[in-house]
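Colleague: I'd like to ask some things about the structure below.
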Amino acid sequence: MAEICCEEAKSTPATAVAVASSALERRRRRLEMRRFRVATDLEAPAEEDVRAGKRLRLARTASGSCADAVPDCKRPAPPERLPRYGVSSVCGRRREMEDAVCIRPDFLPGASKHHFFGVFDGHGCSHVAALCQDRMHEVVADEHHNAGSGEVAAWKGVMERSFARLDEQATSWASSRSGDEPACRCEQQMPSRCDHVGSTAVVAVVSPTHVVVGNAGDSRAVLSRAGAPVELSVDHKPDRPDELARIEAAGGRVIYWDGARVLGVLAMSRAIGDGYLKPFVSSEPEVTVTERTGEDECLILASDGLWDVVTNEMACEVVRACFRSNGPPAPAARPDGAAPPAADADAENGSAVVKGVSKADSDKACSDAAMLLAKLALARRSADNVSVVVVDLRRGI
């Protein structure tokens, strides 16, 4: 042991020289790498611009209006015919993002100012929600065209047939795919579990005179009217008395396993897809047709990631607070108690023009409200994806 220590002591000067040489070599290599990186950046600025563009697009998907938050959203209509809205969709504490949002302004050919909004909350995988995002508005427009005229009476059948068509497409999704398409997450499981995938769907068609809502699942649509929330859909939970009776009549059971679940598996009684739970889980939507009034303030569509932790009243109050911070004070009433002339004109033509509030301010208020609601859900420890759409329904304030 002493001999080893002596040998190390004797070789100390040589070791120091070797260490210094190694350090100089490493420094020289670092300088060469830096020069190489600088040269690469000068030769390929376009690639850097592409990467910067990707980062910008990803940042925009967090919140904002449809043009920013939903990449495939198209706005063919002129600005004066576009709705005022904002959207926010976040993954939250989930490992996978399975929510999808679709916004299609002026989506009905030949019918002016009919705007489509949809929120789809997938489970098991994201492909059914993505299918609804891509196809639901097209199917609704096709069914509406086939149904002919009838603002109120026709919409119930339009929504029911549209949901049924999407359910059929979701059920046959795996068999209709080509071999060139990349494998989905559910297809990589052994055995494949594509028929174990589904999605809730809450869609709204906002026209100048009515708000039509079709819902299957536990996503929700809430209308704020004169400061009070109005539920335009009711969650389809397995322990809801009428849903429990329907499931049992079909031969199924509701088992309480971390809450009420169909056959102890699914925490909702209606959804698009979920072929392995048919007929206990139905795709038939509940449809409401609500006439618009001058007291309507906003429409909120959201997945259960919001509604599990935020009440209807609180959500409407957040939106109203954003409206107040981005708009003018309410106009003084006329001595005879009549509405201002602008309000009368807007009520007649059914436009969404808000007196004294530009479209940019209204869009900002809606976007701020959607973002705040998503942040509120996360602050309240929501464990699910959170997707929120806020539509400004005010007229002539």
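Every chain in the structure tokens takes a letter, A first, then B, and so on in the order presented; its residues are numbered from 1, and the ligands are numbered from 1 following the presented order.
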Do you know which residues are at most 8 Å from range 88-91 of chain A counting only C-alpha atoms, after dropping those on the same chain fewer than 2 positions away, and could you put them as a list of chain:residue names?

Modeller: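 That gives A:Thr61, A:Ala62, A:Ser63, A:Gly64, A:Ala69, A:Gly86, A:Arg93, A:Arg94, A:Arg95, A:Glu96, A:Met97, A:Glu98, A:Asp99, A:Ala100, A:Val101, A:Ser367, A:Ala370, A:Met371, A:Ala374, A:Asp384, A:Asn385, A:Val386, A:Ser387, A:Val388, A:Val389.
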
Colleague: I'd like the contact shell of Arg240 in chain A - 12 Å cut-off, only C-alpha atoms, skipping same-chain residues fewer than 4 positions apart - returned as a list in words.

Modeller: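 The residues satisfying every condition are Gly217, Asp218, Val234, Asp235, His236, Leu244, Ala245, Arg246, Ile247, Val254, Ala260, Arg261, Val262, Ala267, Met268, Ser269 and Arg270 of chain A.
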
Colleague: Can you work out the spacing between CA of Ala271 in chain A and CA of Arg381 in chain A in Å, to one decimal?

Modeller: 24.9 Å

Colleague: Calculated over only C-alpha atoms, which of the candidates A:Leu372, A:Leu306, A:Ala147, A:Ala360 has the smallest distance to Val319 in chain A?

Modeller: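 Of A:Leu372, A:Leu306, A:Ala147, A:Ala360, the one nearest Val319 in chain A is A:Leu372, counting only C-alpha atoms.
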
Colleague: Between CA of Val230 in chain A and CA of Trp155 in chain A, what is the distance in Å, rounded to a tenth?

Modeller: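 Between these atoms lies a distance of 19.8 Å.
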
Colleague: Measuring atom to atom with only C-alpha atoms, identify which of A:Arg380, A:Arg225, A:His127, A:Lys156 is nearest to Gly273 in chain A.

Modeller: A:His127

Colleague: Report the residues of range 157-333 of chain A whose backbone DSSP state falls under alpha helix (DSSP H), written as JSON, numbers by chain.

Modeller: {"A": [157, 158, 159, 160, 161, 162, 163, 164, 165, 166, 167, 168, 169, 170, 171, 173, 174, 175, 176, 241, 242, 243, 244, 245, 246, 247, 248, 249, 304, 305, 306, 307, 312, 313, 314, 315, 316, 317, 318, 319, 320, 321, 322, 323, 324, 325]}

Colleague: DSSP on the backbone: what in range 234-293 of chain A comes out strand (DSSP E or B), as a list in words?

Modeller: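 Result set for range 234-293 of chain A (strand (DSSP E or B)): Val254, Ile255, Tyr256, Ala260, Arg261, Val262, Leu266, Arg270, Ile272, Gly273, Ser282, Glu286, Val287, Thr288, Val289, Thr290 and Glu291 of chain A.
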
Colleague: Keeping C-alpha atoms, export the residues of the selection given above as a PDB file, in the first residue's frame.

Modeller:
```pdb
ATOM      1  CA  VAL A 254     -75.148  -0.060 -13.089  1.00  0.00           C
ATOM      2  CA  ILE A 255     -72.324  -0.970 -10.714  1.00  0.00           C
ATOM      3  CA  TYR A 256     -70.926   1.509  -8.220  1.00  0.00           C
ATOM      4  CA  ALA A 260     -71.896   4.828 -10.855  1.00  0.00           C
ATOM      5  CA  ARG A 261     -70.699   3.039 -14.001  1.00  0.00           C
ATOM      6  CA  VAL A 262     -72.370   1.032 -16.750  1.00  0.00           C
ATOM      7  CA  LEU A 266     -68.141   3.612 -18.102  1.00  0.00           C
ATOM      8  CA  ARG A 270     -74.647   7.871 -23.497  1.00  0.00           C
ATOM      9  CA  ILE A 272     -70.648   7.979 -29.472  1.00  0.00           C
ATOM     10  CA  GLY A 273     -68.710   4.748 -29.976  1.00  0.00           C
ATOM     11  CA  SER A 282     -76.737   4.796 -26.313  1.00  0.00           C
ATOM     12  CA  GLU A 286     -81.183  14.751 -26.038  1.00  0.00           C
ATOM     13  CA  VAL A 287     -82.038  17.840 -28.090  1.00  0.00           C
ATOM     14  CA  THR A 288     -83.236  21.225 -26.901  1.00  0.00           C
ATOM     15  CA  VAL A 289     -84.301  24.163 -29.080  1.00  0.00           C
ATOM     16  CA  THR A 290     -84.229  27.444 -27.162  1.00  0.00           C
ATOM     17  CA  GLU A 291     -85.509  30.736 -28.526  1.00  0.00           C
TER      18      GLU A 291
END
```

Colleague: Pick out the residues sitting within 10 Å of Lys364 in chain A, and hand them over as a VMD selection string; count only C-alpha atoms, and ignore anything fewer than 5 positions along from it in its own chain.

Modeller: chain A and resid 64 to 65 84 to 86 322 to 323 326 358 to 359 369 to 370

Colleague: At a cut-off of 8 Å, using only C-alpha atoms, what residues contact range 132-135 of chain A? Leave out same-chain residues fewer than 4 positions from it and give the result as a PDB file with all heavy atoms, in the first residue's frame.

Modeller:
```
ATOM      1  N   ALA A 100     -61.568  17.211 -27.860  1.00  0.00           N
ATOM      2  CA  ALA A 100     -61.495  17.865 -29.170  1.00  0.00           C
ATOM      3  C   ALA A 100     -62.569  18.947 -29.221  1.00  0.00           C
ATOM      4  O   ALA A 100     -63.640  18.802 -28.619  1.00  0.00           O
ATOM      5  CB  ALA A 100     -61.688  16.859 -30.304  1.00  0.00           C
ATOM      6  N   VAL A 101     -62.257  20.021 -29.933  1.00  0.00           N
ATOM      7  CA  VAL A 101     -63.175  21.151 -30.070  1.00  0.00           C
ATOM      8  C   VAL A 101     -63.334  21.460 -31.544  1.00  0.00           C
ATOM      9  O   VAL A 101     -62.370  21.418 -32.313  1.00  0.00           O
ATOM     10  CB  VAL A 101     -62.643  22.392 -29.321  1.00  0.00           C
ATOM     11  CG1 VAL A 101     -63.560  23.587 -29.533  1.00  0.00           C
ATOM     12  CG2 VAL A 101     -62.490  22.100 -27.833  1.00  0.00           C
ATOM     13  N   CYS A 102     -64.566  21.770 -31.952  1.00  0.00           N
ATOM     14  CA  CYS A 102     -64.832  22.132 -33.343  1.00  0.00           C
ATOM     15  C   CYS A 102     -65.697  23.389 -33.370  1.00  0.00           C
ATOM     16  O   CYS A 102     -66.730  23.445 -32.699  1.00  0.00           O
ATOM     17  CB  CYS A 102     -65.540  20.994 -34.073  1.00  0.00           C
ATOM     18  SG  CYS A 102     -65.910  21.355 -35.797  1.00  0.00           S
ATOM     19  N   GLY A 118     -68.865  22.694 -31.046  1.00  0.00           N
ATOM     20  CA  GLY A 118     -68.903  21.346 -30.488  1.00  0.00           C
ATOM     21  C   GLY A 118     -67.740  21.075 -29.567  1.00  0.00           C
ATOM     22  O   GLY A 118     -66.613  21.528 -29.820  1.00  0.00           O
ATOM     23  N   PHE A 120     -66.031  17.646 -27.616  1.00  0.00           N
ATOM     24  CA  PHE A 120     -66.060  16.182 -27.612  1.00  0.00           C
ATOM     25  C   PHE A 120     -65.004  15.674 -26.633  1.00  0.00           C
ATOM     26  O   PHE A 120     -63.822  16.004 -26.756  1.00  0.00           O
ATOM     27  CB  PHE A 120     -65.794  15.647 -29.017  1.00  0.00           C
ATOM     28  CG  PHE A 120     -66.637  16.315 -30.074  1.00  0.00           C
ATOM     29  CD1 PHE A 120     -66.108  17.314 -30.880  1.00  0.00           C
ATOM     30  CD2 PHE A 120     -67.964  15.961 -30.246  1.00  0.00           C
ATOM     31  CE1 PHE A 120     -66.867  17.943 -31.838  1.00  0.00           C
ATOM     32  CE2 PHE A 120     -68.745  16.583 -31.203  1.00  0.00           C
ATOM     33  CZ  PHE A 120     -68.197  17.579 -32.011  1.00  0.00           C
ATOM     34  N   VAL A 128     -62.108   8.727 -31.617  1.00  0.00           N
ATOM     35  CA  VAL A 128     -63.539   8.991 -31.795  1.00  0.00           C
ATOM     36  C   VAL A 128     -63.823  10.481 -31.627  1.00  0.00           C
ATOM     37  O   VAL A 128     -64.593  11.072 -32.400  1.00  0.00           O
ATOM     38  CB  VAL A 128     -64.372   8.156 -30.808  1.00  0.00           C
ATOM     39  CG1 VAL A 128     -65.849   8.526 -30.911  1.00  0.00           C
ATOM     40  CG2 VAL A 128     -64.200   6.668 -31.098  1.00  0.00           C
ATOM     41  N   VAL A 139     -71.917  16.304 -41.194  1.00  0.00           N
ATOM     42  CA  VAL A 139     -73.081  15.419 -41.131  1.00  0.00           C
ATOM     43  C   VAL A 139     -74.323  16.208 -40.737  1.00  0.00           C
ATOM     44  O   VAL A 139     -75.410  16.012 -41.305  1.00  0.00           O
ATOM     45  CB  VAL A 139     -72.820  14.268 -40.138  1.00  0.00           C
ATOM     46  CG1 VAL A 139     -74.075  13.422 -39.966  1.00  0.00           C
ATOM     47  CG2 VAL A 139     -71.667  13.401 -40.630  1.00  0.00           C
ATOM     48  N   LEU A 166     -72.619   9.315 -36.937  1.00  0.00           N
ATOM     49  CA  LEU A 166     -71.277   9.360 -36.354  1.00  0.00           C
ATOM     50  C   LEU A 166     -70.993   8.116 -35.526  1.00  0.00           C
ATOM     51  O   LEU A 166     -69.864   7.610 -35.494  1.00  0.00           O
ATOM     52  CB  LEU A 166     -71.127  10.614 -35.498  1.00  0.00           C
ATOM     53  CG  LEU A 166     -70.408  11.802 -36.138  1.00  0.00           C
ATOM     54  CD1 LEU A 166     -68.954  11.455 -36.444  1.00  0.00           C
ATOM     55  CD2 LEU A 166     -71.104  12.237 -37.427  1.00  0.00           C
ATOM     56  N   ALA A 201     -70.426  14.020 -26.660  1.00  0.00           N
ATOM     57  CA  ALA A 201     -70.597  15.051 -27.682  1.00  0.00           C
ATOM     58  C   ALA A 201     -71.660  16.037 -27.221  1.00  0.00           C
ATOM     59  O   ALA A 201     -72.792  15.637 -26.937  1.00  0.00           O
ATOM     60  CB  ALA A 201     -70.994  14.434 -29.029  1.00  0.00           C
TER      61      ALA A 201
END
```

Colleague: May I have the residues within 7 Å of range 206-210 of chain A as a PDB file with all heavy atoms, in the first residue's frame, using only C-alpha atoms and disregarding those fewer than 6 positions away in the same chain?

Modeller:
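Contents of around30.pdb, as written:
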```
ATOM      1  N   LYS A 113     -75.822  32.941 -41.081  1.00  0.00           N
ATOM      2  CA  LYS A 113     -75.579  33.133 -39.653  1.00  0.00           C
ATOM      3  C   LYS A 113     -76.032  31.941 -38.822  1.00  0.00           C
ATOM      4  O   LYS A 113     -76.664  32.096 -37.780  1.00  0.00           O
ATOM      5  CB  LYS A 113     -76.255  34.417 -39.162  1.00  0.00           C
ATOM      6  CG  LYS A 113     -75.678  35.677 -39.779  1.00  0.00           C
ATOM      7  CD  LYS A 113     -76.374  36.922 -39.271  1.00  0.00           C
ATOM      8  CE  LYS A 113     -75.796  38.164 -39.918  1.00  0.00           C
ATOM      9  NZ  LYS A 113     -76.490  39.384 -39.490  1.00  0.00           N
ATOM     10  N   HIS A 114     -75.702  30.752 -39.258  1.00  0.00           N
ATOM     11  CA  HIS A 114     -75.859  29.548 -38.450  1.00  0.00           C
ATOM     12  C   HIS A 114     -74.461  29.039 -38.124  1.00  0.00           C
ATOM     13  O   HIS A 114     -73.712  28.658 -39.027  1.00  0.00           O
ATOM     14  CB  HIS A 114     -76.656  28.476 -39.187  1.00  0.00           C
ATOM     15  CG  HIS A 114     -78.132  28.725 -39.223  1.00  0.00           C
ATOM     16  ND1 HIS A 114     -78.683  29.777 -39.918  1.00  0.00           N
ATOM     17  CD2 HIS A 114     -79.175  28.070 -38.639  1.00  0.00           C
ATOM     18  CE1 HIS A 114     -80.012  29.746 -39.770  1.00  0.00           C
ATOM     19  NE2 HIS A 114     -80.327  28.720 -39.004  1.00  0.00           N
ATOM     20  N   HIS A 115     -74.115  29.063 -36.858  1.00  0.00           N
ATOM     21  CA  HIS A 115     -72.750  28.750 -36.435  1.00  0.00           C
ATOM     22  C   HIS A 115     -72.744  27.470 -35.606  1.00  0.00           C
ATOM     23  O   HIS A 115     -73.610  27.259 -34.743  1.00  0.00           O
ATOM     24  CB  HIS A 115     -72.166  29.906 -35.612  1.00  0.00           C
ATOM     25  CG  HIS A 115     -72.359  31.255 -36.258  1.00  0.00           C
ATOM     26  ND1 HIS A 115     -71.882  31.550 -37.506  1.00  0.00           N
ATOM     27  CD2 HIS A 115     -73.008  32.368 -35.818  1.00  0.00           C
ATOM     28  CE1 HIS A 115     -72.200  32.798 -37.817  1.00  0.00           C
ATOM     29  NE2 HIS A 115     -72.891  33.311 -36.814  1.00  0.00           N
ATOM     30  N   PHE A 116     -71.746  26.629 -35.865  1.00  0.00           N
ATOM     31  CA  PHE A 116     -71.637  25.322 -35.208  1.00  0.00           C
ATOM     32  C   PHE A 116     -70.520  25.361 -34.163  1.00  0.00           C
ATOM     33  O   PHE A 116     -69.408  25.805 -34.438  1.00  0.00           O
ATOM     34  CB  PHE A 116     -71.324  24.246 -36.243  1.00  0.00           C
ATOM     35  CG  PHE A 116     -71.175  22.860 -35.684  1.00  0.00           C
ATOM     36  CD1 PHE A 116     -72.256  22.002 -35.625  1.00  0.00           C
ATOM     37  CD2 PHE A 116     -69.944  22.411 -35.217  1.00  0.00           C
ATOM     38  CE1 PHE A 116     -72.117  20.720 -35.114  1.00  0.00           C
ATOM     39  CE2 PHE A 116     -69.793  21.140 -34.701  1.00  0.00           C
ATOM     40  CZ  PHE A 116     -70.893  20.286 -34.642  1.00  0.00           C
ATOM     41  N   VAL A 289     -84.249  23.013 -28.178  1.00  0.00           N
ATOM     42  CA  VAL A 289     -84.301  24.163 -29.080  1.00  0.00           C
ATOM     43  C   VAL A 289     -84.802  25.342 -28.259  1.00  0.00           C
ATOM     44  O   VAL A 289     -85.946  25.358 -27.808  1.00  0.00           O
ATOM     45  CB  VAL A 289     -85.219  23.904 -30.289  1.00  0.00           C
ATOM     46  CG1 VAL A 289     -85.222  25.118 -31.219  1.00  0.00           C
ATOM     47  CG2 VAL A 289     -84.774  22.660 -31.040  1.00  0.00           C
ATOM     48  N   THR A 290     -83.935  26.317 -28.039  1.00  0.00           N
ATOM     49  CA  THR A 290     -84.229  27.444 -27.162  1.00  0.00           C
ATOM     50  C   THR A 290     -84.295  28.721 -27.975  1.00  0.00           C
ATOM     51  O   THR A 290     -83.361  29.039 -28.730  1.00  0.00           O
ATOM     52  CB  THR A 290     -83.149  27.596 -26.077  1.00  0.00           C
ATOM     53  OG1 THR A 290     -83.007  26.349 -25.383  1.00  0.00           O
ATOM     54  CG2 THR A 290     -83.499  28.689 -25.087  1.00  0.00           C
ATOM     55  N   GLU A 291     -85.370  29.468 -27.815  1.00  0.00           N
ATOM     56  CA  GLU A 291     -85.509  30.736 -28.526  1.00  0.00           C
ATOM     57  C   GLU A 291     -84.641  31.792 -27.864  1.00  0.00           C
ATOM     58  O   GLU A 291     -84.618  31.926 -26.637  1.00  0.00           O
ATOM     59  CB  GLU A 291     -86.970  31.181 -28.525  1.00  0.00           C
ATOM     60  CG  GLU A 291     -87.230  32.416 -29.370  1.00  0.00           C
ATOM     61  CD  GLU A 291     -88.710  32.751 -29.466  1.00  0.00           C
ATOM     62  OE1 GLU A 291     -89.530  32.003 -28.896  1.00  0.00           O
ATOM     63  OE2 GLU A 291     -89.037  33.769 -30.112  1.00  0.00           O
ATOM     64  N   ARG A 292     -83.934  32.550 -28.677  1.00  0.00           N
ATOM     65  CA  ARG A 292     -83.062  33.594 -28.156  1.00  0.00           C
ATOM     66  C   ARG A 292     -83.880  34.815 -27.747  1.00  0.00           C
ATOM     67  O   ARG A 292     -84.906  35.139 -28.358  1.00  0.00           O
ATOM     68  CB  ARG A 292     -82.018  33.990 -29.197  1.00  0.00           C
ATOM     69  CG  ARG A 292     -81.010  32.903 -29.487  1.00  0.00           C
ATOM     70  CD  ARG A 292     -79.975  33.347 -30.500  1.00  0.00           C
ATOM     71  NE  ARG A 292     -79.224  34.524 -30.039  1.00  0.00           N
ATOM     72  CZ  ARG A 292     -78.228  35.075 -30.721  1.00  0.00           C
ATOM     73  NH1 ARG A 292     -77.869  34.553 -31.890  1.00  0.00           N
ATOM     74  NH2 ARG A 292     -77.597  36.129 -30.252  1.00  0.00           N
ATOM     75  N   GLY A 350     -81.468  39.943 -36.004  1.00  0.00           N
ATOM     76  CA  GLY A 350     -80.893  38.768 -35.369  1.00  0.00           C
ATOM     77  C   GLY A 350     -79.392  38.768 -35.311  1.00  0.00           C
ATOM     78  O   GLY A 350     -78.776  37.738 -35.096  1.00  0.00           O
ATOM     79  N   SER A 351     -78.761  39.905 -35.523  1.00  0.00           N
ATOM     80  CA  SER A 351     -77.299  39.929 -35.515  1.00  0.00           C
ATOM     81  C   SER A 351     -76.785  39.899 -34.095  1.00  0.00           C
ATOM     82  O   SER A 351     -77.502  40.177 -33.140  1.00  0.00           O
ATOM     83  CB  SER A 351     -76.793  41.193 -36.223  1.00  0.00           C
ATOM     84  OG  SER A 351     -77.075  42.330 -35.440  1.00  0.00           O
TER      85      SER A 351
END
```
